[in-house]
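Colleague: Below is final.txt; it holds compact mmCIF, C-alpha atoms.
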# COMPACT_ATOMS: atom_id res chain seq x y z
CA MET A 10 29.59 -67.61 63.90
CA SER A 11 28.72 -70.96 62.43
CA GLN A 12 28.35 -72.66 65.82
CA SER A 13 25.01 -70.95 66.41
CA GLU A 14 23.03 -74.15 67.13
CA ILE A 15 25.50 -75.11 69.85
CA ASP A 16 25.68 -71.57 71.23
CA THR A 17 21.89 -71.26 71.30
CA LEU A 18 21.62 -74.50 73.24
CA ILE A 19 24.28 -73.39 75.75
CA GLN A 20 22.64 -70.00 76.16
CA LEU A 21 19.19 -71.48 76.82
CA LEU A 22 20.49 -74.20 79.16
CA SER A 23 22.31 -71.57 81.21
CA ARG A 24 18.90 -70.13 82.12
CA LEU A 25 17.87 -73.28 84.01
CA PRO A 26 17.87 -72.86 87.81
CA GLY A 27 21.26 -73.83 89.25
CA PHE A 28 22.93 -73.60 85.84
CA GLY A 29 25.50 -71.05 84.73
CA PRO A 30 27.54 -70.73 81.54
CA ARG A 31 30.05 -73.37 82.64
CA SER A 32 27.55 -76.05 83.64
CA ALA A 33 25.51 -75.26 80.51
CA ARG A 34 28.56 -75.96 78.34
CA ARG A 35 29.17 -79.18 80.23
CA ALA A 36 25.53 -80.24 79.84
CA THR A 37 25.62 -79.41 76.12
CA LEU A 38 28.64 -81.65 75.52
CA HIS A 39 27.02 -84.35 77.67
CA LEU A 40 23.84 -84.12 75.59
CA ILE A 41 25.58 -84.10 72.20
CA SER A 42 27.66 -87.14 73.13
CA ARG A 43 24.40 -88.93 74.06
CA ARG A 44 22.43 -87.83 71.04
CA GLU A 45 20.18 -90.88 70.63
CA THR A 46 19.76 -91.82 74.28
CA LEU A 47 19.31 -88.39 75.88
CA LEU A 48 19.33 -85.34 73.58
CA THR A 49 16.59 -86.43 71.15
CA PRO A 50 14.31 -87.91 73.86
CA LEU A 51 14.75 -84.80 76.00
CA ALA A 52 13.88 -82.51 73.08
CA ALA A 53 10.76 -84.60 72.44
CA ALA A 54 9.81 -84.66 76.14
CA MET A 55 10.12 -80.87 76.34
CA GLN A 56 8.01 -80.39 73.26
CA ALA A 57 5.42 -82.85 74.60
CA ALA A 58 5.33 -81.04 77.93
CA ALA A 59 4.97 -77.67 76.19
CA ASP A 60 2.08 -79.05 74.12
CA THR A 61 0.16 -81.04 76.71
CA VAL A 62 0.74 -79.78 80.26
CA LYS A 63 -2.09 -77.61 81.55
CA VAL A 64 -2.74 -75.74 84.77
CA CYS A 65 -5.79 -77.23 86.51
CA GLU A 66 -8.43 -74.49 86.73
CA GLU A 67 -9.84 -76.03 89.87
CA CYS A 68 -6.73 -76.35 92.06
CA GLY A 69 -3.77 -74.90 90.12
CA ASN A 70 -1.92 -78.24 89.84
CA LEU A 71 -0.08 -79.14 86.63
CA ASP A 72 -1.30 -82.11 84.63
CA VAL A 73 -1.95 -83.24 81.09
CA THR A 74 -5.67 -83.43 81.80
CA GLU A 75 -8.02 -80.69 82.94
CA PRO A 76 -9.22 -80.99 85.65
CA CYS A 77 -6.11 -82.69 87.03
CA ALA A 78 -5.89 -86.32 88.14
CA ILE A 79 -6.23 -85.36 91.81
CA CYS A 80 -9.35 -83.24 91.26
CA ARG A 81 -10.91 -86.02 89.14
CA ASP A 82 -10.13 -88.77 91.68
CA ALA A 83 -13.46 -89.53 93.36
CA GLU A 84 -11.65 -91.59 96.01
CA ARG A 85 -10.03 -88.49 97.46
CA GLU A 86 -11.72 -86.58 100.27
CA ALA A 87 -13.47 -83.51 98.88
CA THR A 88 -13.95 -82.18 102.41
CA MET A 89 -10.26 -81.55 103.07
CA LEU A 90 -8.40 -78.84 101.19
CA CYS A 91 -4.63 -78.53 101.54
CA VAL A 92 -3.34 -75.07 100.57
CA VAL A 93 0.24 -75.02 99.23
CA GLU A 94 2.42 -72.28 97.77
CA ASP A 95 3.63 -74.09 94.66
CA VAL A 96 3.24 -77.27 92.67
CA SER A 97 6.58 -78.46 94.05
CA ASP A 98 5.04 -78.46 97.56
CA LEU A 99 2.06 -80.43 96.23
CA TRP A 100 4.48 -82.96 94.74
CA ALA A 101 6.35 -83.22 98.05
CA LEU A 102 3.12 -83.94 99.94
CA GLU A 103 2.06 -86.48 97.31
CA ARG A 104 5.42 -88.27 97.65
CA SER A 105 4.82 -88.56 101.40
CA ALA A 106 1.45 -90.20 100.56
CA ALA A 107 0.18 -88.85 103.90
CA PHE A 108 -2.69 -86.80 102.53
CA ARG A 109 -5.74 -88.11 100.66
CA GLY A 110 -7.72 -84.89 100.22
CA ARG A 111 -7.64 -82.19 97.54
CA TYR A 112 -5.16 -79.36 97.03
CA HIS A 113 -5.21 -75.68 96.27
CA VAL A 114 -2.07 -74.12 94.79
CA LEU A 115 -1.71 -70.42 95.66
CA GLY A 116 1.04 -69.73 93.15
CA GLY A 117 3.30 -67.99 95.65
CA THR A 118 3.06 -66.04 98.88
CA LEU A 119 2.09 -62.53 99.82
CA SER A 120 5.19 -60.37 99.68
CA ALA A 121 5.29 -56.62 100.26
CA LEU A 122 8.88 -56.58 99.03
CA ASP A 123 8.05 -58.21 95.67
CA GLY A 124 4.74 -56.35 95.39
CA ILE A 125 2.65 -59.52 95.52
CA GLY A 126 -0.76 -58.85 97.03
CA PRO A 127 -3.85 -61.08 97.45
CA ASP A 128 -4.95 -60.39 93.85
CA GLU A 129 -1.78 -61.94 92.45
CA LEU A 130 -2.48 -65.26 94.18
CA ASN A 131 -5.25 -67.85 93.68
CA ILE A 132 -7.07 -66.69 96.80
CA GLU A 133 -10.47 -65.79 95.34
CA SER A 134 -10.75 -69.27 93.82
CA LEU A 135 -9.91 -70.73 97.23
CA ILE A 136 -12.69 -68.69 98.87
CA ARG A 137 -15.04 -69.79 96.09
CA ARG A 138 -14.17 -73.47 96.65
CA VAL A 139 -14.72 -73.09 100.39
CA THR A 140 -18.10 -71.38 99.97
CA GLU A 141 -19.41 -73.50 97.13
CA GLY A 142 -18.02 -76.91 98.01
CA ARG A 143 -18.31 -79.40 100.79
CA VAL A 144 -15.03 -78.32 102.40
CA SER A 145 -14.92 -78.80 106.16
CA GLU A 146 -11.18 -78.35 106.80
CA VAL A 147 -8.55 -76.15 105.17
CA ILE A 148 -4.96 -77.17 105.97
CA LEU A 149 -2.54 -74.30 105.43
CA ALA A 150 0.62 -76.21 104.36
CA LEU A 151 2.69 -73.09 103.70
CA ASN A 152 6.43 -72.85 104.14
CA ALA A 153 7.69 -71.86 107.58
CA THR A 154 9.19 -68.66 106.18
CA VAL A 155 8.18 -65.10 107.04
CA ASP A 156 6.23 -64.70 103.78
CA GLY A 157 4.66 -68.13 104.13
CA GLN A 158 3.47 -67.44 107.67
CA THR A 159 2.22 -63.95 106.74
CA THR A 160 0.16 -65.56 103.99
CA ALA A 161 -1.13 -68.20 106.44
CA HIS A 162 -2.28 -65.49 108.84
CA TYR A 163 -3.99 -63.59 106.03
CA LEU A 164 -5.76 -66.73 104.82
CA SER A 165 -6.91 -67.82 108.29
CA ASP A 166 -8.33 -64.29 108.74
CA ARG A 167 -10.17 -64.48 105.43
CA LEU A 168 -11.45 -67.99 106.15
CA SER A 169 -12.62 -67.22 109.71
CA GLU A 170 -16.00 -65.96 108.47
CA PHE A 171 -16.85 -69.34 106.93
CA ASP A 172 -17.93 -72.50 108.67
CA VAL A 173 -14.67 -74.30 108.08
CA GLN A 174 -11.87 -75.54 110.31
CA VAL A 175 -8.50 -73.95 109.50
CA THR A 176 -5.37 -75.89 110.54
CA LYS A 177 -1.65 -75.66 109.87
CA LEU A 178 1.24 -78.12 109.82
CA ALA A 179 2.89 -78.98 113.15
CA HIS A 180 6.30 -77.52 113.96
CA GLY A 181 8.83 -79.80 115.61
CA VAL A 182 11.93 -81.95 115.34
CA PRO A 183 12.26 -83.44 111.81
CA VAL A 184 12.10 -87.24 111.85
CA GLY A 185 15.71 -88.46 111.92
CA GLY A 186 16.91 -85.01 112.99
CA GLU A 187 19.46 -84.35 115.73
CA LEU A 188 18.68 -81.76 118.41
CA ASP A 189 22.23 -80.43 118.29
CA TYR A 190 21.76 -79.28 114.70
CA LEU A 191 18.34 -77.65 115.13
CA ASP A 192 17.79 -73.92 115.33
CA ASP A 193 16.39 -72.35 118.51
CA GLY A 194 13.02 -71.55 116.94
CA THR A 195 12.35 -75.16 115.98
CA LEU A 196 13.53 -76.46 119.36
CA SER A 197 11.31 -74.10 121.35
CA ALA A 198 8.34 -74.88 119.04
CA ALA A 199 8.93 -78.61 119.55
CA LEU A 200 9.14 -78.10 123.33
CA LYS A 201 5.99 -75.97 123.41
CA SER A 202 4.04 -78.59 121.42
CA ARG A 203 5.36 -81.55 123.45
CA ARG A 204 3.02 -84.49 123.75
CA SER A 205 2.43 -87.05 126.44
CA ILE A 206 3.82 -90.50 125.65
CA SER A 207 0.76 -92.70 125.72
CA MET B 282 -0.21 -92.34 86.06
CA SER B 283 -1.54 -89.56 83.92
CA GLN B 284 1.37 -87.21 84.67
CA SER B 285 3.64 -89.18 82.35
CA GLU B 286 4.78 -86.20 80.22
CA ILE B 287 5.89 -84.34 83.34
CA ASP B 288 7.50 -87.43 84.86
CA THR B 289 9.35 -88.24 81.63
CA LEU B 290 10.74 -84.72 81.53
CA ILE B 291 11.85 -84.87 85.17
CA GLN B 292 13.44 -88.26 84.66
CA LEU B 293 15.41 -87.16 81.58
CA LEU B 294 16.49 -83.84 83.12
CA SER B 295 17.81 -85.69 86.18
CA ARG B 296 20.37 -87.34 83.90
CA LEU B 297 22.07 -84.03 83.12
CA PRO B 298 25.44 -83.58 84.83
CA GLY B 299 25.00 -81.85 88.19
CA PHE B 300 21.28 -82.60 88.25
CA GLY B 301 19.46 -84.96 90.60
CA PRO B 302 15.77 -85.71 91.10
CA ARG B 303 15.21 -82.57 93.16
CA SER B 304 16.89 -80.11 90.81
CA ALA B 305 15.20 -81.84 87.86
CA ARG B 306 11.78 -81.24 89.45
CA ARG B 307 12.72 -77.62 90.08
CA ALA B 308 13.91 -77.17 86.50
CA THR B 309 10.73 -78.79 85.17
CA LEU B 310 8.50 -76.35 87.05
CA HIS B 311 10.77 -73.49 85.95
CA LEU B 312 10.44 -74.61 82.33
CA ILE B 313 6.68 -75.14 82.42
CA SER B 314 6.12 -71.70 83.95
CA ARG B 315 8.20 -70.21 81.10
CA ARG B 316 6.62 -72.22 78.32
CA GLU B 317 6.89 -69.68 75.49
CA THR B 318 10.15 -68.02 76.48
CA LEU B 319 12.22 -71.03 77.52
CA LEU B 320 10.61 -74.48 77.23
CA THR B 321 9.60 -74.35 73.56
CA PRO B 322 12.83 -72.62 72.39
CA LEU B 323 14.92 -75.09 74.38
CA ALA B 324 13.08 -78.08 72.88
CA ALA B 325 13.67 -76.62 69.42
CA ALA B 326 17.34 -75.87 70.15
CA MET B 327 17.90 -79.44 71.33
CA GLN B 328 16.24 -80.88 68.26
CA ALA B 329 18.28 -78.55 66.03
CA ALA B 330 21.50 -79.57 67.78
CA ALA B 331 20.60 -83.25 67.47
CA ASP B 332 19.93 -82.79 63.75
CA THR B 333 22.82 -80.55 62.72
CA VAL B 334 25.83 -80.90 65.02
CA LYS B 335 28.57 -83.07 63.57
CA VAL B 336 31.96 -84.26 64.77
CA CYS B 337 34.69 -82.84 62.52
CA GLU B 338 36.49 -85.78 60.91
CA GLU B 339 39.68 -83.75 60.70
CA CYS B 340 40.10 -82.57 64.29
CA GLY B 341 37.23 -84.00 66.38
CA ASN B 342 35.67 -80.61 67.12
CA LEU B 343 31.88 -80.20 67.17
CA ASP B 344 30.27 -77.92 64.60
CA VAL B 345 27.32 -77.71 62.24
CA THR B 346 29.66 -77.88 59.26
CA GLU B 347 32.11 -80.57 58.28
CA PRO B 348 35.04 -79.84 58.34
CA CYS B 349 34.55 -77.48 61.27
CA ALA B 350 34.92 -73.69 61.14
CA ILE B 351 38.43 -73.84 62.64
CA CYS B 352 39.69 -76.44 60.14
CA ARG B 353 38.17 -74.43 57.25
CA ASP B 354 39.65 -71.10 58.43
CA ALA B 355 42.57 -70.42 56.07
CA GLU B 356 43.74 -67.59 58.36
CA ARG B 357 44.70 -70.06 61.08
CA GLU B 358 48.22 -71.50 61.21
CA ALA B 359 48.23 -75.00 59.75
CA THR B 360 51.72 -75.57 61.14
CA MET B 361 50.67 -75.54 64.80
CA LEU B 362 48.54 -78.32 66.21
CA CYS B 363 47.14 -78.06 69.72
CA VAL B 364 46.16 -81.45 71.20
CA VAL B 365 43.33 -81.32 73.76
CA GLU B 366 41.42 -83.99 75.65
CA ASP B 367 37.90 -82.79 74.98
CA VAL B 368 35.89 -80.23 73.07
CA SER B 369 35.36 -78.33 76.34
CA ASP B 370 39.17 -77.74 76.49
CA LEU B 371 39.12 -76.53 72.89
CA TRP B 372 36.34 -74.09 73.81
CA ALA B 373 38.34 -72.87 76.82
CA LEU B 374 41.39 -72.18 74.63
CA GLU B 375 39.22 -70.44 72.02
CA ARG B 376 37.72 -68.21 74.72
CA SER B 377 41.23 -67.16 75.75
CA ALA B 378 41.86 -66.19 72.09
CA ALA B 379 45.53 -66.93 72.71
CA PHE B 380 45.96 -69.62 70.04
CA ARG B 381 45.57 -69.16 66.31
CA GLY B 382 46.53 -72.62 65.07
CA ARG B 383 44.53 -75.81 64.57
CA TYR B 384 43.31 -78.33 67.14
CA HIS B 385 43.18 -82.07 67.57
CA VAL B 386 40.64 -83.49 70.03
CA LEU B 387 41.77 -86.81 71.54
CA GLY B 388 38.37 -87.67 73.00
CA GLY B 389 39.75 -88.50 76.46
CA THR B 390 42.96 -89.71 78.07
CA LEU B 391 44.73 -93.02 78.37
CA SER B 392 43.46 -94.71 81.52
CA ALA B 393 44.44 -98.18 82.68
CA LEU B 394 41.70 -98.02 85.31
CA ASP B 395 38.93 -97.31 82.79
CA GLY B 396 40.48 -99.61 80.18
CA ILE B 397 41.12 -96.80 77.70
CA GLY B 398 44.13 -97.56 75.50
CA PRO B 399 45.59 -95.72 72.50
CA ASP B 400 43.07 -97.34 70.13
CA GLU B 401 40.15 -95.74 71.96
CA LEU B 402 41.53 -92.23 71.35
CA ASN B 403 42.02 -90.22 68.15
CA ILE B 404 45.77 -90.89 68.15
CA GLU B 405 46.19 -92.53 64.73
CA SER B 406 44.51 -89.55 63.07
CA LEU B 407 46.90 -87.26 64.97
CA ILE B 408 49.91 -89.22 63.67
CA ARG B 409 48.42 -89.10 60.17
CA ARG B 410 47.99 -85.31 60.38
CA VAL B 411 51.58 -84.91 61.61
CA THR B 412 53.03 -87.09 58.84
CA GLU B 413 50.85 -85.84 55.99
CA GLY B 414 50.53 -82.18 56.82
CA ARG B 415 52.76 -79.18 57.24
CA VAL B 416 52.76 -79.44 61.03
CA SER B 417 55.94 -78.11 62.67
CA GLU B 418 54.81 -77.92 66.30
CA VAL B 419 52.47 -80.06 68.39
CA ILE B 420 51.33 -78.43 71.65
CA LEU B 421 50.14 -81.01 74.18
CA ALA B 422 47.49 -78.99 76.05
CA LEU B 423 46.37 -81.86 78.26
CA ASN B 424 45.04 -81.51 81.78
CA ALA B 425 47.61 -81.53 84.58
CA THR B 426 46.13 -84.74 85.99
CA VAL B 427 47.84 -88.12 86.26
CA ASP B 428 45.96 -89.48 83.24
CA GLY B 429 46.55 -86.29 81.26
CA GLN B 430 50.27 -86.34 81.90
CA THR B 431 50.52 -90.08 81.17
CA THR B 432 48.86 -89.40 77.83
CA ALA B 433 51.23 -86.48 77.18
CA HIS B 434 54.23 -88.73 77.79
CA TYR B 435 52.85 -91.41 75.51
CA LEU B 436 52.18 -88.87 72.74
CA SER B 437 55.59 -87.19 72.98
CA ASP B 438 57.13 -90.69 72.71
CA ARG B 439 55.09 -91.50 69.63
CA LEU B 440 55.82 -88.12 68.05
CA SER B 441 59.58 -88.22 68.74
CA GLU B 442 60.26 -90.15 65.52
CA PHE B 443 58.82 -87.35 63.38
CA ASP B 444 60.43 -84.04 62.49
CA VAL B 445 58.12 -82.00 64.69
CA GLN B 446 58.58 -79.93 67.83
CA VAL B 447 56.54 -81.21 70.79
CA THR B 448 55.70 -78.70 73.54
CA LYS B 449 53.44 -78.57 76.57
CA LEU B 450 51.72 -75.83 78.53
CA ALA B 451 53.74 -74.05 81.23
CA HIS B 452 53.07 -74.83 84.88
CA GLY B 453 53.01 -71.94 87.32
CA VAL B 454 51.03 -69.54 89.44
CA PRO B 455 47.58 -68.82 87.90
CA VAL B 456 47.17 -65.16 86.94
CA GLY B 457 45.37 -63.51 89.86
CA GLY B 458 46.23 -66.45 92.15
CA GLU B 459 47.52 -66.15 95.69
CA LEU B 460 50.59 -68.15 96.74
CA ASP B 461 49.00 -69.00 100.08
CA TYR B 462 46.24 -70.97 98.36
CA LEU B 463 48.45 -72.89 95.91
CA ASP B 464 49.42 -76.53 96.31
CA ASP B 465 53.05 -77.52 96.82
CA GLY B 466 53.37 -79.06 93.36
CA THR B 467 52.34 -75.88 91.56
CA LEU B 468 54.56 -73.73 93.78
CA SER B 469 57.66 -75.83 93.20
CA ALA B 470 56.94 -75.99 89.45
CA ALA B 471 56.59 -72.19 89.37
CA LEU B 472 59.85 -71.83 91.29
CA LYS B 473 61.70 -74.27 89.02
CA SER B 474 60.50 -72.42 85.89
CA ARG B 475 61.25 -68.96 87.30
CA ARG B 476 62.21 -66.35 84.76
CA SER B 477 64.46 -63.35 84.86
CA ILE B 478 62.63 -60.02 84.99
CA SER B 479 63.85 -58.23 81.90
Would it be possible to restate this file's structure as structure tokens?
Modeller:
Amino acid sequence: MSQSEIDTLIQLLSRLPGFGPRSARRATLHLISRRETLLTPLAAAMQAAADTVKVCEECGNLDVTEPCAICRDAEREATMLCVVEDVSDLWALERSAAFRGRYHVLGGTLSALDGIGPDELNIESLIRRVTEGRVSEVILALNATVDGQTTAHYLSDRLSEFDVQVTKLAHGVPVGGELDYLDDGTLSAALKSRRSIS
Amino acid sequence: MSQSEIDTLIQLLSRLPGFGPRSARRATLHLISRRETLLTPLAAAMQAAADTVKVCEECGNLDVTEPCAICRDAEREATMLCVVEDVSDLWALERSAAFRGRYHVLGGTLSALDGIGPDELNIESLIRRVTEGRVSEVILALNATVDGQTTAHYLSDRLSEFDVQVTKLAHGVPVGGELDYLDDGTLSAALKSRRSIS
């Protein structure tokens, strides 16, 4: 088949999350019809990312420098450590601009089903940072899923022997959310954590 | 911002059809975590496609050769010309393996709303192929949309002065389709074109 370059592109694109054969074909035509403005720049950006992006050995963040920009930033609190599952969660917290400390990316959650134990996650490096560094608070910003909360319990157990405060994110009504659309668990958590209007 | 390589990749990926900022971030992390198996091959495939894929001057198909594999294939009927809107429609017909003639890609449909007239489409080259070649039948395989059918009417008008049979795809119940889920237009078209069971 002489169309191999096109077929290869379709086949690789169909492995992107959310893409299937049909959307990969559509994206391929979209790219080829925008050769100068999208296809060539995207090929170059992918190659640049493949060549330059590193995993920060300190926190597990992705960046083109090592250590990453957040770990190098002397302005950021070294006493607060925010533990997240993945880099996407770190990005979400950075977009909110609500946190000015450092991060620690676990690289997933404990999962008996998927056979992921403590050794598969960046937990030893977290313990090392807590023991060696000036960390006074560890915020467990894990997802409110079963695996996320299991991991949070495990970590707070492990961290209890050190002189460090362990906190987790508040549960409650999302800002802009409507009560009618919330699940029972969130509603009862929001009610239990109700606060006095000062 | 030192994350520019990552941000550039996210920004370019978000311009793919069906992608937004969120799915582009997800795809970026997916790609970076599969650097050797997906990111580097995909960058290379995109560069290869950008360098080698050409538009066939004869029919408008995309291929790495010029003329394209279909136009070069002497086994395919040169007397039958199937007119499609886009390369994606040509691919769909090729997947069905039901047509063994040649194609002609219009590059879109007539659209008063988008200001697309006959000069914006590959119509003159179609007329040239019909007058110069050995074409005996032109199949208008255009989408069953308003614009597609307007274009089909325009083309059958233009082609009426030549000694060539002009046909269009049959309307009817999709194979495997349920009557209950079909729109009224399709049902009445299927009823009107009913055939005797031989």
Colleague: Report, in Å with one decimal, the straight-line distance from atom CA of A:Cys77 to atom CA of A:Glu103.
Modeller: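 So the answer is 13.7 Å.
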Colleague: Can you list every residue of chain B that has an atom at most 8 Å from chain A, with its nearest atom pair and the distance in Å to one decimal, using all atoms listed in the file, ordered by chain then number, as JSON lines?
Modeller:
{"residue": "B:Ser283", "atom": "CA", "partner": "A:Ala78", "partner_atom": "CA", "distance": 6.9}
{"residue": "B:Gln284", "atom": "CA", "partner": "A:Asp72", "partner_atom": "CA", "distance": 5.8}
{"residue": "B:Glu286", "atom": "CA", "partner": "A:Ala58", "partner_atom": "CA", "distance": 5.7}
{"residue": "B:Ile287", "atom": "CA", "partner": "A:Ala58", "partner_atom": "CA", "distance": 6.4}
{"residue": "B:Thr289", "atom": "CA", "partner": "A:Ala54", "partner_atom": "CA", "distance": 6.6}
{"residue": "B:Leu290", "atom": "CA", "partner": "A:Ala54", "partner_atom": "CA", "distance": 5.5}
{"residue": "B:Leu293", "atom": "CA", "partner": "A:Leu51", "partner_atom": "CA", "distance": 6.1}
{"residue": "B:Leu294", "atom": "CA", "partner": "A:Leu51", "partner_atom": "CA", "distance": 7.4}
{"residue": "B:Leu297", "atom": "CA", "partner": "A:Ala36", "partner_atom": "CA", "distance": 6.1}
{"residue": "B:Pro298", "atom": "CA", "partner": "A:Ala36", "partner_atom": "CA", "distance": 6.0}
{"residue": "B:Gly299", "atom": "CA", "partner": "A:Ser32", "partner_atom": "CA", "distance": 7.8}
{"residue": "B:Ser304", "atom": "CA", "partner": "A:Gly27", "partner_atom": "CA", "distance": 7.8}
{"residue": "B:Arg306", "atom": "CA", "partner": "A:Ser97", "partner_atom": "CA", "distance": 7.5}
{"residue": "B:Arg307", "atom": "CA", "partner": "A:Ser97", "partner_atom": "CA", "distance": 7.4}
{"residue": "B:Ala308", "atom": "CA", "partner": "A:Pro26", "partner_atom": "CA", "distance": 6.0}
{"residue": "B:Leu310", "atom": "CA", "partner": "A:Ser97", "partner_atom": "CA", "distance": 7.6}
{"residue": "B:His311", "atom": "CA", "partner": "A:Leu25", "partner_atom": "CA", "distance": 7.4}
{"residue": "B:Leu312", "atom": "CA", "partner": "A:Leu25", "partner_atom": "CA", "distance": 7.7}
{"residue": "B:Ile313", "atom": "CA", "partner": "A:Ala59", "partner_atom": "CA", "distance": 6.9}
{"residue": "B:Arg316", "atom": "CA", "partner": "A:Ala59", "partner_atom": "CA", "distance": 6.1}
{"residue": "B:Leu319", "atom": "CA", "partner": "A:Leu21", "partner_atom": "CA", "distance": 7.0}
{"residue": "B:Leu320", "atom": "CA", "partner": "A:Met55", "partner_atom": "CA", "distance": 6.5}
{"residue": "B:Thr321", "atom": "CA", "partner": "A:Gln56", "partner_atom": "CA", "distance": 6.3}
{"residue": "B:Pro322", "atom": "CA", "partner": "A:Leu21", "partner_atom": "CA", "distance": 7.8}
{"residue": "B:Leu323", "atom": "CA", "partner": "A:Leu21", "partner_atom": "CA", "distance": 6.1}
{"residue": "B:Ala324", "atom": "CA", "partner": "A:Ala52", "partner_atom": "CA", "distance": 4.5}
{"residue": "B:Ala325", "atom": "CA", "partner": "A:Ala52", "partner_atom": "CA", "distance": 6.9}
{"residue": "B:Ala326", "atom": "CA", "partner": "A:Leu18", "partner_atom": "CA", "distance": 5.5}
{"residue": "B:Met327", "atom": "CA", "partner": "A:Ala52", "partner_atom": "CA", "distance": 5.4}
{"residue": "B:Gln328", "atom": "CA", "partner": "A:Ala52", "partner_atom": "CA", "distance": 5.6}
{"residue": "B:Ala329", "atom": "CA", "partner": "A:Glu14", "partner_atom": "CA", "distance": 6.6}
{"residue": "B:Ala330", "atom": "CA", "partner": "A:Glu14", "partner_atom": "CA", "distance": 5.7}
{"residue": "B:Ala331", "atom": "CA", "partner": "A:Arg44", "partner_atom": "CA", "distance": 6.1}
{"residue": "B:Thr333", "atom": "CA", "partner": "A:Glu14", "partner_atom": "CA", "distance": 7.8}
{"residue": "B:Val334", "atom": "CA", "partner": "A:Ile15", "partner_atom": "CA", "distance": 7.5}
{"residue": "B:Asp344", "atom": "CA", "partner": "A:Gln12", "partner_atom": "CA", "distance": 5.7}
{"residue": "B:Val345", "atom": "CA", "partner": "A:Gln12", "partner_atom": "CA", "distance": 6.3}
{"residue": "B:Thr346", "atom": "CA", "partner": "A:Ser11", "partner_atom": "CA", "distance": 7.7}
{"residue": "B:Ala350", "atom": "CA", "partner": "A:Ser11", "partner_atom": "CA", "distance": 6.9}
{"residue": "B:Val368", "atom": "CA", "partner": "A:Leu38", "partner_atom": "CA", "distance": 7.8}
{"residue": "B:Ser369", "atom": "CA", "partner": "A:Arg35", "partner_atom": "CA", "distance": 7.4}
Colleague: Mind pulling up the distance from atom CA of A:Val184 to atom CA of A:Cys91?
Modeller: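 Going from atom CA of A:Cys91 over to atom CA of A:Val184 covers 21.5 Å.
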Colleague: What separation in Å, quoted to one decimal, exists between atom CA of A:Tyr190 and atom CA of A:Glu94?
Modeller: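 Going from atom CA of A:Tyr190 over to atom CA of A:Glu94 covers 26.6 Å.
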Colleague: Rank nothing, just name the residue among B:Leu472, B:Val416, B:Ile404, B:Ala355 nearest to B:Leu436, using only C-alpha atoms.
Modeller: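 Looking only at the distances to B:Leu436, the closest residue turns out to be B:Ile404.
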Colleague: If you take every atom of stretch 79-96 of chain A that the file lists and fit an axis-aligned box around them with 3 Å extra on each side, what centre and edge lengths come out in Å to one decimal, as JSON?
Modeller:
{"center_x": -5.2, "center_y": -81.9, "center_z": 96.1, "size_x": 23.6, "size_y": 25.3, "size_z": 19.9}
Colleague: Around the point (-7.9, -85.5, 99.9), in the coordinates given by the file, pick out the residues reaching within 7 Å, counting all atoms listed in the file, and return them as a PyMOL selection string.
Modeller: chain A and resi 85-87+89-90+108-111
Colleague: Can you list, as a list in words, every protein, DNA or RNA residue that comes within 10 Å of A:Val182 when you count only C-alpha atoms, leaving out same-chain residues fewer than 4 positions away?
Modeller: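 Listing them by chain and then by number gives Gly186, Glu187, Leu188, Leu191, Asp192, Thr195, Leu196, Ser197, Ala198, Ala199 and Leu200 of chain A.
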Colleague: Find the residues around A:Arg167 up to 12 Å (all atoms listed in the file counted), leave out those fewer than 2 positions away in its own chain, and share them as a list of chain:residue names.
Modeller: A:Pro127, A:Ile132, A:Glu133, A:Leu135, A:Ile136, A:Arg137, A:Val139, A:Thr140, A:Val147, A:Thr160, A:Ala161, A:His162, A:Tyr163, A:Leu164, A:Ser165, A:Ser169, A:Glu170, A:Phe171, A:Asp172, A:Val173, A:Val175
Colleague: Counting all atoms listed in the file, what is within 7 Å of A:Val92, bar same-chain residues fewer than 5 positions away, as a ChimeraX atom specification?
Modeller: /A:112-115,148-150
Colleague: Quick one: everything within 7 Å of B:Thr360, counting only C-alpha atoms, minus sequence neighbours fewer than 5 positions away in the same chain. Send it as a list in words.
Modeller: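 The filter keeps Arg415, Val416, Ser417 and Glu418 of chain B.
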Colleague: Go ahead and dump the residues you just picked, C-alpha atoms, as a tab-separated table (two decimals), keeping the file's coordinate frame.
Modeller:
chain	number	residue	atom	x	y	z
B	415	ARG	CA	52.76	-79.18	57.24
B	416	VAL	CA	52.76	-79.44	61.03
B	417	SER	CA	55.94	-78.11	62.67
B	418	GLU	CA	54.81	-77.92	66.30
Colleague: If you count only C-alpha atoms, which residues fall within 8 Å of B:Glu339, apart from same-chain ones fewer than 6 positions away, as an mmCIF file with C-alpha atoms, in the coordinates of the input?
Modeller:
data_model
loop_
_atom_site.group_PDB
_atom_site.id
_atom_site.type_symbol
_atom_site.label_atom_id
_atom_site.label_comp_id
_atom_site.auth_asym_id
_atom_site.auth_seq_id
_atom_site.Cartn_x
_atom_site.Cartn_y
_atom_site.Cartn_z
ATOM 1 C CA PRO B 348 35.040 -79.840 58.340
ATOM 2 C CA CYS B 352 39.690 -76.440 60.140
ATOM 3 C CA HIS B 385 43.180 -82.070 67.570
ATOM 4 C CA SER B 406 44.510 -89.550 63.070
#
